[in-house]
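So this block is model.txt, compact mmCIF, C-alpha atoms (C1' of nucleotides):
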```txt
# COMPACT_ATOMS: atom_id res chain seq x y z
CA MET I 83 -11.61 15.44 -12.46
CA TYR I 84 -9.12 16.77 -9.91
CA SER I 85 -5.59 15.43 -9.86
CA LEU I 86 -4.76 13.13 -6.98
CA ALA I 87 -2.32 15.75 -5.75
CA ASP I 88 -5.17 18.26 -5.60
CA VAL I 89 -7.41 15.83 -3.80
CA CYS I 90 -4.68 15.28 -1.22
CA ARG I 91 -4.33 19.03 -0.69
CA ARG I 92 -8.06 19.54 -0.33
CA ARG I 93 -8.18 16.77 2.22
CA ARG I 94 -5.17 18.12 4.12
CA LEU I 95 -3.18 14.95 3.50
CA ARG I 96 0.52 15.55 3.71
CA ILE I 97 2.00 15.38 0.27
CA THR I 98 5.80 15.06 0.36
CA SER I 99 8.09 15.01 -2.63
CA ALA I 100 8.18 11.21 -2.73
CA ARG I 101 4.42 11.07 -2.59
CA MET I 102 4.16 13.74 -5.23
CA SER I 103 6.17 11.78 -7.76
CA ILE I 104 4.11 8.65 -7.09
CA VAL I 105 0.83 10.48 -7.28
CA ARG I 106 1.86 12.15 -10.52
CA ALA I 107 2.65 8.74 -12.01
CA LEU I 108 -0.83 7.59 -11.04
CA ASP I 109 -2.46 10.73 -12.39
CA GLU I 110 -0.83 10.26 -15.75
CA ALA I 111 -1.79 6.59 -16.01
CA ASP I 112 -4.69 5.66 -18.23
CA ASP I 113 -4.07 1.96 -17.67
CA HIS I 114 -3.92 -0.29 -14.59
CA PRO I 115 -0.29 -0.34 -13.43
CA ASP I 116 1.10 -2.65 -10.77
CA ALA I 117 3.33 -1.41 -7.96
CA LEU I 118 6.62 -1.89 -9.77
CA THR I 119 5.31 -0.12 -12.85
CA VAL I 120 4.25 2.78 -10.64
CA HIS I 121 7.75 2.77 -9.18
CA ARG I 122 9.37 2.84 -12.61
CA ARG I 123 7.15 5.75 -13.67
CA ALA I 124 7.57 7.66 -10.42
CA ARG I 125 11.34 7.42 -10.83
CA LYS I 126 11.05 9.38 -14.06
CA HIS I 127 9.90 12.34 -11.98
CA ASP I 128 12.26 11.74 -9.10
CA PRO I 129 14.87 9.00 -9.38
CA ARG I 130 15.42 8.93 -5.63
CA VAL I 131 12.00 7.52 -4.76
CA SER I 132 12.27 4.04 -3.25
CA GLN I 133 10.24 0.94 -3.81
CA ALA I 134 9.28 0.96 -0.14
CA SER I 135 7.77 4.42 -0.51
CA VAL I 136 5.79 3.31 -3.50
CA TYR I 137 4.26 0.41 -1.59
CA ARG I 138 3.67 2.59 1.44
CA THR I 139 2.09 5.35 -0.60
CA LEU I 140 -0.12 2.97 -2.56
CA LYS I 141 -1.36 1.50 0.70
CA TRP I 142 -1.91 4.97 2.10
CA LEU I 143 -3.84 6.10 -0.97
CA VAL I 144 -6.02 2.99 -0.85
CA GLU I 145 -6.73 3.60 2.83
CA HIS I 146 -7.79 7.14 2.05
CA GLY I 147 -9.95 5.92 -0.79
CA LEU I 148 -8.06 7.81 -3.48
CA ILE I 149 -7.12 4.76 -5.50
CA LYS I 150 -8.45 1.23 -5.87
CA LYS I 151 -6.47 -1.96 -5.55
CA LEU I 152 -7.33 -4.38 -8.33
CA ASP I 153 -6.57 -8.02 -8.59
CA PHE I 154 -6.88 -10.18 -11.68
CA GLY I 155 -5.30 -13.30 -10.23
CA GLU I 156 -1.88 -12.50 -11.62
CA GLY I 157 -0.10 -12.79 -8.28
CA ARG I 158 0.31 -9.05 -7.89
CA PHE I 159 -2.00 -6.09 -7.56
CA ARG I 160 -2.84 -3.34 -9.96
CA TYR I 161 -4.12 0.12 -9.11
CA GLU I 162 -6.40 2.73 -10.59
CA ASN I 163 -7.63 6.19 -9.67
CA ALA I 164 -10.71 5.85 -7.49
CA GLN I 165 -12.18 9.01 -8.97
CA LYS I 166 -12.99 7.15 -12.15
CA PRO I 167 -16.68 6.37 -12.04
CA HIS I 168 -17.52 2.81 -11.07
CA HIS I 169 -16.95 0.27 -13.80
CA ASN I 170 -16.14 -3.37 -14.23
CA HIS I 171 -13.31 -5.03 -16.10
CA LEU I 172 -13.06 -7.30 -19.07
CA VAL I 173 -9.71 -9.02 -19.54
CA ASP I 174 -8.79 -9.76 -23.14
CA LEU I 175 -7.22 -13.19 -22.81
CA GLY I 176 -5.66 -12.82 -26.23
CA THR I 177 -3.60 -9.76 -25.33
CA GLY I 178 -3.85 -9.35 -21.56
CA GLU I 179 -5.37 -5.93 -22.15
CA ILE I 180 -7.88 -4.77 -19.58
CA LEU I 181 -11.00 -3.00 -20.81
CA GLU I 182 -13.54 -1.21 -18.72
CA PHE I 183 -17.27 -1.42 -19.10
CA ASN I 184 -20.46 -0.34 -17.43
CA ASP I 185 -23.82 -1.92 -17.25
CA GLU I 186 -26.68 -0.48 -15.33
CA ASP I 187 -28.59 -3.76 -15.22
CA LEU I 188 -25.57 -5.46 -13.72
CA GLU I 189 -25.34 -2.92 -10.94
CA MET I 190 -28.98 -3.30 -10.05
CA LEU I 191 -28.74 -7.05 -10.18
CA ALA I 192 -25.76 -7.11 -7.81
CA GLN I 193 -27.76 -4.99 -5.39
CA SER I 194 -30.83 -7.14 -5.58
CA ILE I 195 -28.93 -10.41 -5.22
CA SER I 196 -27.18 -9.11 -2.10
CA LYS I 197 -30.45 -8.00 -0.64
CA ARG I 198 -32.05 -11.34 -1.40
CA LEU I 199 -29.22 -13.09 0.46
CA GLY I 200 -29.60 -10.80 3.44
CA PHE I 201 -26.55 -8.64 2.91
CA VAL I 202 -25.85 -4.97 2.59
CA LEU I 203 -23.55 -4.71 -0.38
CA SER I 204 -20.27 -2.97 0.38
CA HIS I 205 -18.70 -3.43 -3.02
CA HIS I 206 -18.57 -5.97 -5.76
CA ARG I 207 -16.33 -7.08 -8.52
CA VAL I 208 -17.38 -8.38 -11.87
CA ASP I 209 -14.57 -9.52 -14.12
CA LEU I 210 -15.15 -11.04 -17.50
CA PHE I 211 -12.38 -12.99 -19.22
CA GLY I 212 -12.69 -13.69 -22.90
CA TYR I 213 -11.30 -13.63 -26.39
CA ARG I 214 -12.08 -11.02 -28.98
CA SER I 215 -14.53 -12.52 -31.43
CA LEU I 216 -13.61 -12.44 -35.10
CA SER I 217 -16.50 -10.20 -35.94
CA SER I 218 -15.75 -7.86 -33.09
CA PRO I 219 -17.78 -4.67 -33.12
CA ILE I 220 -14.76 -2.89 -31.65
CA GLY I 221 -12.35 -4.21 -34.23
CA LYS I 222 -8.66 -3.92 -33.52
CA MET R 247 -20.91 -36.52 -7.10
CA TYR R 248 -17.82 -38.66 -7.54
CA SER R 249 -14.83 -38.20 -5.28
CA LEU R 250 -11.84 -36.53 -6.89
CA ALA R 251 -9.95 -39.79 -6.42
CA ASP R 252 -12.61 -41.59 -8.45
CA VAL R 253 -12.54 -38.97 -11.15
CA CYS R 254 -8.77 -39.39 -11.40
CA ARG R 255 -9.15 -43.15 -11.73
CA ARG R 256 -11.81 -42.87 -14.41
CA ARG R 257 -9.61 -40.50 -16.34
CA ARG R 258 -6.55 -42.73 -15.94
CA LEU R 259 -4.66 -40.01 -14.08
CA ARG R 260 -1.95 -41.49 -11.93
CA ILE R 261 -2.92 -41.18 -8.32
CA THR R 262 0.01 -41.74 -5.97
CA SER R 263 -0.10 -41.80 -2.20
CA ALA R 264 0.91 -38.15 -1.92
CA ARG R 265 -1.79 -37.18 -4.39
CA MET R 266 -4.29 -39.36 -2.61
CA SER R 267 -3.84 -37.58 0.70
CA ILE R 268 -4.16 -34.20 -1.00
CA VAL R 269 -7.18 -35.21 -3.00
CA ARG R 270 -8.86 -36.62 0.09
CA ALA R 271 -8.30 -33.34 1.88
CA LEU R 272 -10.00 -31.56 -1.01
CA ASP R 273 -12.84 -34.06 -1.13
CA GLU R 274 -13.57 -33.56 2.52
CA ALA R 275 -13.52 -29.77 2.29
CA ASP R 276 -16.83 -27.96 2.21
CA ASP R 277 -15.08 -24.61 2.32
CA HIS R 278 -12.52 -22.84 0.14
CA PRO R 279 -9.09 -23.75 1.53
CA ASP R 280 -5.83 -22.14 0.43
CA ALA R 281 -2.74 -24.19 -0.42
CA LEU R 282 -1.26 -24.23 3.08
CA THR R 283 -4.58 -25.25 4.56
CA VAL R 284 -4.75 -28.11 2.08
CA HIS R 285 -1.23 -29.06 3.13
CA ARG R 286 -2.16 -29.06 6.79
CA ARG R 287 -5.21 -31.22 6.14
CA ALA R 288 -3.38 -33.59 3.80
CA ARG R 289 -0.75 -34.15 6.48
CA LYS R 290 -3.48 -35.56 8.71
CA HIS R 291 -3.80 -38.42 6.26
CA ASP R 292 -0.10 -38.73 5.55
CA PRO R 293 2.34 -36.61 7.53
CA ARG R 294 5.11 -37.15 4.97
CA VAL R 295 3.45 -35.14 2.21
CA SER R 296 5.46 -32.05 1.33
CA GLN R 297 4.40 -28.51 0.60
CA ALA R 298 5.94 -28.83 -2.86
CA SER R 299 3.70 -31.78 -3.63
CA VAL R 300 0.68 -29.85 -2.52
CA TYR R 301 1.46 -26.97 -4.85
CA ARG R 302 2.33 -29.36 -7.66
CA THR R 303 -0.83 -31.39 -7.18
CA LEU R 304 -3.07 -28.35 -6.96
CA LYS R 305 -1.61 -27.06 -10.21
CA TRP R 306 -2.02 -30.49 -11.78
CA LEU R 307 -5.65 -30.73 -10.65
CA VAL R 308 -6.40 -27.25 -11.99
CA GLU R 309 -4.79 -28.15 -15.33
CA HIS R 310 -6.97 -31.24 -15.54
CA GLY R 311 -10.02 -29.21 -14.65
CA LEU R 312 -10.77 -31.10 -11.46
CA ILE R 313 -10.53 -28.11 -9.17
CA LYS R 314 -10.88 -24.36 -9.56
CA LYS R 315 -8.40 -21.77 -8.41
CA LEU R 316 -10.17 -18.90 -6.66
CA ASP R 317 -8.89 -15.51 -5.81
CA PHE R 318 -10.47 -13.01 -3.46
CA GLY R 319 -7.67 -10.50 -3.46
CA GLU R 320 -6.09 -11.88 -0.32
CA GLY R 321 -2.68 -12.36 -1.86
CA ARG R 322 -3.02 -16.13 -2.05
CA PHE R 323 -5.30 -18.54 -3.84
CA ARG R 324 -8.09 -20.73 -2.62
CA TYR R 325 -9.38 -23.88 -4.25
CA GLU R 326 -12.66 -25.69 -4.67
CA ASN R 327 -13.88 -28.86 -6.33
CA ALA R 328 -14.70 -28.10 -9.96
CA GLN R 329 -17.52 -30.65 -9.91
CA LYS R 330 -19.61 -28.23 -7.92
CA PRO R 331 -22.02 -26.60 -10.32
CA HIS R 332 -21.11 -23.07 -11.36
CA HIS R 333 -21.77 -20.46 -8.74
CA ASN R 334 -20.55 -17.08 -7.59
CA HIS R 335 -19.26 -15.96 -4.24
CA LEU R 336 -20.40 -13.55 -1.62
CA VAL R 337 -17.83 -12.64 1.01
CA ASP R 338 -19.26 -11.82 4.43
CA LEU R 339 -17.07 -8.90 5.47
CA GLY R 340 -18.20 -9.33 9.07
CA THR R 341 -16.86 -12.85 9.42
CA GLY R 342 -14.74 -13.52 6.34
CA GLU R 343 -17.05 -16.40 5.53
CA ILE R 344 -17.54 -17.16 1.85
CA LEU R 345 -21.02 -18.02 0.69
CA GLU R 346 -22.02 -19.35 -2.68
CA PHE R 347 -24.96 -18.22 -4.74
CA ASN R 348 -26.46 -18.68 -8.15
CA ASP R 349 -28.40 -16.38 -10.33
CA GLU R 350 -29.57 -17.26 -13.78
CA ASP R 351 -30.11 -13.63 -14.79
CA LEU R 352 -26.56 -12.84 -13.85
CA GLU R 353 -25.19 -15.60 -16.05
CA MET R 354 -27.18 -14.45 -19.03
CA LEU R 355 -26.21 -10.86 -18.43
CA ALA R 356 -22.49 -11.73 -18.33
CA GLN R 357 -22.89 -13.51 -21.65
CA SER R 358 -24.76 -10.68 -23.28
CA ILE R 359 -22.36 -8.00 -22.04
CA SER R 360 -19.39 -9.94 -23.43
CA LYS R 361 -21.11 -10.34 -26.74
CA ARG R 362 -21.98 -6.65 -26.86
CA LEU R 363 -18.30 -5.79 -26.32
CA GLY R 364 -17.23 -8.17 -29.07
CA PHE R 365 -15.86 -10.95 -26.91
CA VAL R 366 -16.45 -14.63 -26.53
CA LEU R 367 -16.71 -15.20 -22.80
CA SER R 368 -14.22 -17.74 -21.48
CA HIS R 369 -15.14 -17.40 -17.83
CA HIS R 370 -16.19 -14.75 -15.42
CA ARG R 371 -16.07 -13.96 -11.79
CA VAL R 372 -18.69 -12.18 -9.78
CA ASP R 373 -17.80 -11.53 -6.18
CA LEU R 374 -20.01 -9.59 -3.83
CA PHE R 375 -18.62 -8.21 -0.59
CA GLY R 376 -21.01 -7.13 2.10
CA TYR R 377 -22.24 -7.18 5.65
CA ARG R 378 -25.08 -9.29 6.91
CA SER R 379 -28.06 -7.02 7.35
CA LEU R 380 -29.75 -7.00 10.74
CA SER R 381 -32.96 -8.37 9.34
CA SER R 382 -31.16 -11.08 7.43
CA PRO R 383 -33.45 -13.73 5.94
CA ILE R 384 -30.68 -16.27 6.61
CA GLY R 385 -30.18 -15.27 10.21
CA LYS R 386 -27.13 -16.47 12.05
C1' DC V 89 13.48 30.99 15.62
C1' DA V 90 15.67 27.09 18.56
C1' DG V 91 14.21 22.85 20.45
C1' DT V 92 11.23 18.98 20.54
C1' DT V 93 8.12 15.78 18.86
C1' DT V 94 6.16 13.24 15.06
C1' DA V 95 6.03 11.51 10.34
C1' DT V 96 8.31 10.00 6.32
C1' DT V 97 12.20 8.44 3.96
C1' DG V 98 15.65 5.03 1.48
C1' DA V 99 18.19 0.93 1.96
C1' DG V 100 18.19 -3.38 2.87
C1' DA V 101 16.54 -7.34 5.57
C1' DA V 102 12.62 -10.18 6.24
C1' DT V 103 8.30 -12.45 5.01
C1' DG V 104 5.17 -15.48 2.66
C1' DA V 105 3.13 -17.69 -1.28
C1' DG V 106 4.48 -20.23 -4.85
C1' DT V 107 8.11 -22.53 -8.02
C1' DT V 108 12.28 -24.90 -9.21
C1' DT V 109 16.16 -28.03 -8.62
C1' DC V 110 17.99 -32.30 -7.70
C1' DA V 111 19.06 -36.73 -6.23
C1' DA V 112 16.34 -40.67 -4.63
C1' DG V 113 12.42 -43.57 -5.01
C1' DA V 114 8.19 -45.36 -7.28
C1' DA V 115 5.61 -46.96 -11.31
C1' DC V 116 5.51 -48.44 -15.76
C1' DA V 117 6.91 -50.86 -20.10
C1' DT V 118 9.34 -54.15 -22.24
C1' DA H 27 14.96 -57.92 -14.26
C1' DT H 28 16.22 -53.61 -16.96
C1' DG H 29 15.70 -49.39 -18.58
C1' DT H 30 12.70 -45.41 -18.99
C1' DT H 31 9.65 -42.11 -17.24
C1' DC H 32 7.21 -39.89 -13.43
C1' DT H 33 6.78 -38.32 -8.80
C1' DT H 34 8.65 -37.33 -4.48
C1' DG H 35 10.63 -34.55 -0.26
C1' DA H 36 13.91 -31.25 1.01
C1' DA H 37 15.90 -27.27 0.34
C1' DA H 38 17.09 -23.40 -2.53
C1' DC H 39 15.08 -19.98 -5.02
C1' DT H 40 11.82 -16.19 -7.00
C1' DC H 41 8.94 -12.43 -6.72
C1' DA H 42 5.66 -9.21 -4.66
C1' DT H 43 5.11 -7.10 -0.60
C1' DT H 44 6.11 -5.65 4.22
C1' DC H 45 9.09 -4.49 7.95
C1' DT H 46 13.14 -2.47 10.44
C1' DC H 47 15.97 1.15 11.41
C1' DA H 48 18.81 5.00 11.45
C1' DA H 49 18.59 9.44 9.06
C1' DT H 50 15.98 13.29 7.54
C1' DA H 51 12.18 16.35 6.98
C1' DA H 52 7.88 18.48 8.75
C1' DA H 53 5.08 20.05 12.08
C1' DC H 54 4.43 21.83 16.68
C1' DT H 55 5.76 24.55 21.08
C1' DG H 56 7.25 28.02 23.49
```

Target format structure tokens, applied to this file:
Amino acid sequence: MYSLADVCRRRRLRITSARMSIVRALDEADDHPDALTVHRRARKHDPRVSQASVYRTLKWLVEHGLIKKLDFGEGRFRYENAQKPHHNHLVDLGTGEILEFNDEDLEMLAQSISKRLGFVLSHHRVDLFGYRSLSSPIGK
Amino acid sequence: MYSLADVCRRRRLRITSARMSIVRALDEADDHPDALTVHRRARKHDPRVSQASVYRTLKWLVEHGLIKKLDFGEGRFRYENAQKPHHNHLVDLGTGEILEFNDEDLEMLAQSISKRLGFVLSHHRVDLFGYRSLSSPIGK
DNA sequence: CAGTTTATTGAGAATGAGTTTCAAGAACAT
DNA sequence: ATGTTCTTGAAACTCATTCTCAATAAACTG
């Protein structure tokens, strides 16, 4: 998987120093940070980067399809690298942790439901919210 | 289906005049209004009702399970009567219109995926976003 | 490379949804 | 009626996000 900085270069998108520090923060993330978290992390690379630039750059990256804007009804948005293969989210209501999962049947079902309703599916979002069961196969 | 006002009465929830105008606005809605839309509509019944009361009452109704808080990533919430049987949403990206649909397979699949991941499903959200296909069975 | 245009920046002001505060007014319980 | 509790409208406030603007940095142009 290429770094976001690389993807920008390959696409001839201007990558300034402010953008570089933001993009590095996103590249290093293996979670789903919100804008202010991205700002905090980007500042570690370059303390001069402003909040405004973070919001502008996030918007710009979303517009260019390099990152995805997520929303779990928390009153703010989270972001993730769009290069990650498609997946859905499961929110652990016990801890707030966000897990990712895939299900081929689910993908096909979303397609077929859309078709049945007369729509061409652009994208979809399946979020599950639940509590870890005591006999969790994942454990903790 | 009982009106929200009736449900409040049966549950011995105090229904004041401000709440009545808000609840009537919700009862009359066959769409998915956001808080300010509810406020605008409630004012038609009683122009004195404040924005604060609308937010307070919406929160109160959600807490009592009479309405559901929806979120389509628009940066604000929408609401719908919780008495409506469970359904999912399909957002028409051409018009912004929100359609409702049901799919038994989808419900079972959400359950089984949660279980597989070691979670007890509390609730889930399946939103499809798409464009009406030219040969739409629903037409327009 | 100097000069000009265009894009991006940081700081802070502005916005907009939602919440809180507070004093006044209802509703309720004795 | 009296005191207690709840709810209200208005306005202040919060918080995430967007906008404004003068300054700077890049990218063109000759």

> Neighbours of DG104 in chain V within 12 Å (all atoms listed in the file; same-chain residues fewer than 6 positions away dropped), as a PyMOL selection string?
Replying inline: (chain R and resi 282+321-322) or (chain H and resi 40-44)

> At most 8 Å from (11.2, -25.9, -6.3), file frame, all atoms listed in the file: which residues, as a ChimeraX atom specification?
Replying inline: /R:298 /V:107-109 /H:38-39

Kindly export the residues of the current selection with C-alpha atoms (C1' of nucleotides), as a compact mmCIF listing (two decimals), in the frame of the given file.
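part-v3.txt, freshly written:
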```
# COMPACT_ATOMS: atom_id res chain seq x y z
CA ALA R 298 5.94 -28.83 -2.86
C1' DT V 107 8.11 -22.53 -8.02
C1' DT V 108 12.28 -24.90 -9.21
C1' DT V 109 16.16 -28.03 -8.62
C1' DA H 38 17.09 -23.40 -2.53
C1' DC H 39 15.08 -19.98 -5.02
```

>> Near chain V, meaning an atom within 12 Å, which residues of chain R appear when counting only C-alpha atoms (C1' of nucleotides)? Write them as a PyMOL selection string.
In response: chain R and resi 260-264+280-282+297-302+304-305+320-324

Only C-alpha atoms, please: the residues just picked out, written as a tab-separated table (two decimals), in the frame of the given file.
```tsv
chain	number	residue	atom	x	y	z
R	260	ARG	CA	-1.95	-41.49	-11.93
R	261	ILE	CA	-2.92	-41.18	-8.32
R	262	THR	CA	0.01	-41.74	-5.97
R	263	SER	CA	-0.10	-41.80	-2.20
R	264	ALA	CA	0.91	-38.15	-1.92
R	280	ASP	CA	-5.83	-22.14	0.43
R	281	ALA	CA	-2.74	-24.19	-0.42
R	282	LEU	CA	-1.26	-24.23	3.08
R	297	GLN	CA	4.40	-28.51	0.60
R	298	ALA	CA	5.94	-28.83	-2.86
R	299	SER	CA	3.70	-31.78	-3.63
R	300	VAL	CA	0.68	-29.85	-2.52
R	301	TYR	CA	1.46	-26.97	-4.85
R	302	ARG	CA	2.33	-29.36	-7.66
R	304	LEU	CA	-3.07	-28.35	-6.96
R	305	LYS	CA	-1.61	-27.06	-10.21
R	320	GLU	CA	-6.09	-11.88	-0.32
R	321	GLY	CA	-2.68	-12.36	-1.86
R	322	ARG	CA	-3.02	-16.13	-2.05
R	323	PHE	CA	-5.30	-18.54	-3.84
R	324	ARG	CA	-8.09	-20.73	-2.62
```

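Closest approach to chain R from the set I:Ala87, I:Leu216, I:Ala164, I:Ala124 is made by I:Leu216, with distances taken over only C-alpha atoms.
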
> How many Å separate CA of His369 in chain R from CA of Leu191 in chain I?
Replying inline: 18.7 Å

>> For a quick test of understanding: name the residues of chain R lying within 6 Å of chain I when counting all atoms listed in the file, and present them as a VMD selection string.
In response: chain R and resid 319 364 to 379 382 to 383

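Between CA of Leu250 in chain R and CA of Leu312 in chain R the separation is 7.2 Å.
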
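The space between CA of Asn163 in chain I and CA of Asp109 in chain I spans 7.4 Å.
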
>> Could you work out which residues of chain H fall inside 10 Å of chain R? Count all atoms listed in the file, and format the result as a PyMOL selection string.
In response: chain H and resi 32-36+42-43

Would you kindly place N, CA and C atoms on range 311-339 of chain R and return the model as a short mmCIF file (atom, residue, chain, number, x, y, z; two decimals), in the frame of the given file?
```
data_model
loop_
_atom_site.label_atom_id
_atom_site.label_comp_id
_atom_site.auth_asym_id
_atom_site.auth_seq_id
_atom_site.Cartn_x
_atom_site.Cartn_y
_atom_site.Cartn_z
N GLY R 311 -8.64 -29.69 -14.82
CA GLY R 311 -10.02 -29.21 -14.65
C GLY R 311 -10.78 -29.84 -13.50
N LEU R 312 -10.07 -30.45 -12.57
CA LEU R 312 -10.77 -31.10 -11.46
C LEU R 312 -11.05 -30.16 -10.30
N ILE R 313 -10.27 -29.12 -10.20
CA ILE R 313 -10.53 -28.11 -9.17
C ILE R 313 -10.42 -26.72 -9.80
N LYS R 314 -10.97 -25.74 -9.10
CA LYS R 314 -10.88 -24.36 -9.56
C LYS R 314 -10.03 -23.55 -8.59
N LYS R 315 -9.27 -22.65 -9.18
CA LYS R 315 -8.40 -21.77 -8.41
C LYS R 315 -9.18 -20.48 -8.20
N LEU R 316 -9.40 -20.10 -6.96
CA LEU R 316 -10.17 -18.90 -6.66
C LEU R 316 -9.26 -17.81 -6.12
N ASP R 317 -9.73 -16.62 -6.22
CA ASP R 317 -8.89 -15.51 -5.81
C ASP R 317 -9.77 -14.38 -5.32
N PHE R 318 -9.65 -14.07 -4.04
CA PHE R 318 -10.47 -13.01 -3.46
C PHE R 318 -9.62 -11.81 -3.06
N GLY R 319 -8.51 -11.66 -3.74
CA GLY R 319 -7.67 -10.50 -3.46
C GLY R 319 -7.01 -10.53 -2.11
N GLU R 320 -6.71 -11.75 -1.63
CA GLU R 320 -6.09 -11.88 -0.32
C GLU R 320 -4.59 -12.08 -0.43
N GLY R 321 -4.11 -12.14 -1.67
CA GLY R 321 -2.68 -12.36 -1.86
C GLY R 321 -2.29 -13.83 -1.85
N ARG R 322 -3.27 -14.69 -1.93
CA ARG R 322 -3.02 -16.13 -2.05
C ARG R 322 -4.27 -16.72 -2.68
N PHE R 323 -4.17 -17.95 -3.14
CA PHE R 323 -5.30 -18.54 -3.84
C PHE R 323 -6.02 -19.55 -2.98
N ARG R 324 -7.28 -19.72 -3.28
CA ARG R 324 -8.09 -20.73 -2.62
C ARG R 324 -8.54 -21.69 -3.71
N TYR R 325 -9.01 -22.86 -3.29
CA TYR R 325 -9.38 -23.88 -4.25
C TYR R 325 -10.72 -24.50 -3.90
N GLU R 326 -11.41 -24.98 -4.92
CA GLU R 326 -12.66 -25.69 -4.67
C GLU R 326 -12.85 -26.74 -5.76
N ASN R 327 -13.57 -27.77 -5.42
CA ASN R 327 -13.88 -28.86 -6.33
C ASN R 327 -14.61 -28.32 -7.56
N ALA R 328 -14.10 -28.63 -8.74
CA ALA R 328 -14.70 -28.10 -9.96
C ALA R 328 -16.00 -28.82 -10.32
N GLN R 329 -16.28 -29.93 -9.63
CA GLN R 329 -17.52 -30.65 -9.91
C GLN R 329 -18.74 -29.90 -9.38
N LYS R 330 -18.50 -29.04 -8.41
CA LYS R 330 -19.61 -28.23 -7.92
C LYS R 330 -20.15 -27.44 -9.08
N PRO R 331 -21.47 -27.38 -9.22
CA PRO R 331 -22.02 -26.60 -10.32
C PRO R 331 -21.59 -25.14 -10.20
N HIS R 332 -21.55 -24.47 -11.34
CA HIS R 332 -21.11 -23.07 -11.36
C HIS R 332 -21.87 -22.22 -10.34
N HIS R 333 -21.14 -21.36 -9.69
CA HIS R 333 -21.77 -20.46 -8.74
C HIS R 333 -20.85 -19.27 -8.55
N ASN R 334 -21.36 -18.25 -7.89
CA ASN R 334 -20.55 -17.08 -7.59
C ASN R 334 -20.38 -17.00 -6.10
N HIS R 335 -19.58 -16.05 -5.66
CA HIS R 335 -19.26 -15.96 -4.24
C HIS R 335 -19.67 -14.63 -3.62
N LEU R 336 -20.09 -14.74 -2.39
CA LEU R 336 -20.40 -13.55 -1.62
C LEU R 336 -19.55 -13.63 -0.35
N VAL R 337 -18.71 -12.65 -0.15
CA VAL R 337 -17.83 -12.64 1.01
C VAL R 337 -18.48 -11.83 2.13
N ASP R 338 -18.71 -12.49 3.25
CA ASP R 338 -19.26 -11.82 4.43
C ASP R 338 -18.14 -11.04 5.10
N LEU R 339 -18.18 -9.73 4.95
CA LEU R 339 -17.07 -8.90 5.47
C LEU R 339 -17.06 -8.88 6.99
#
```
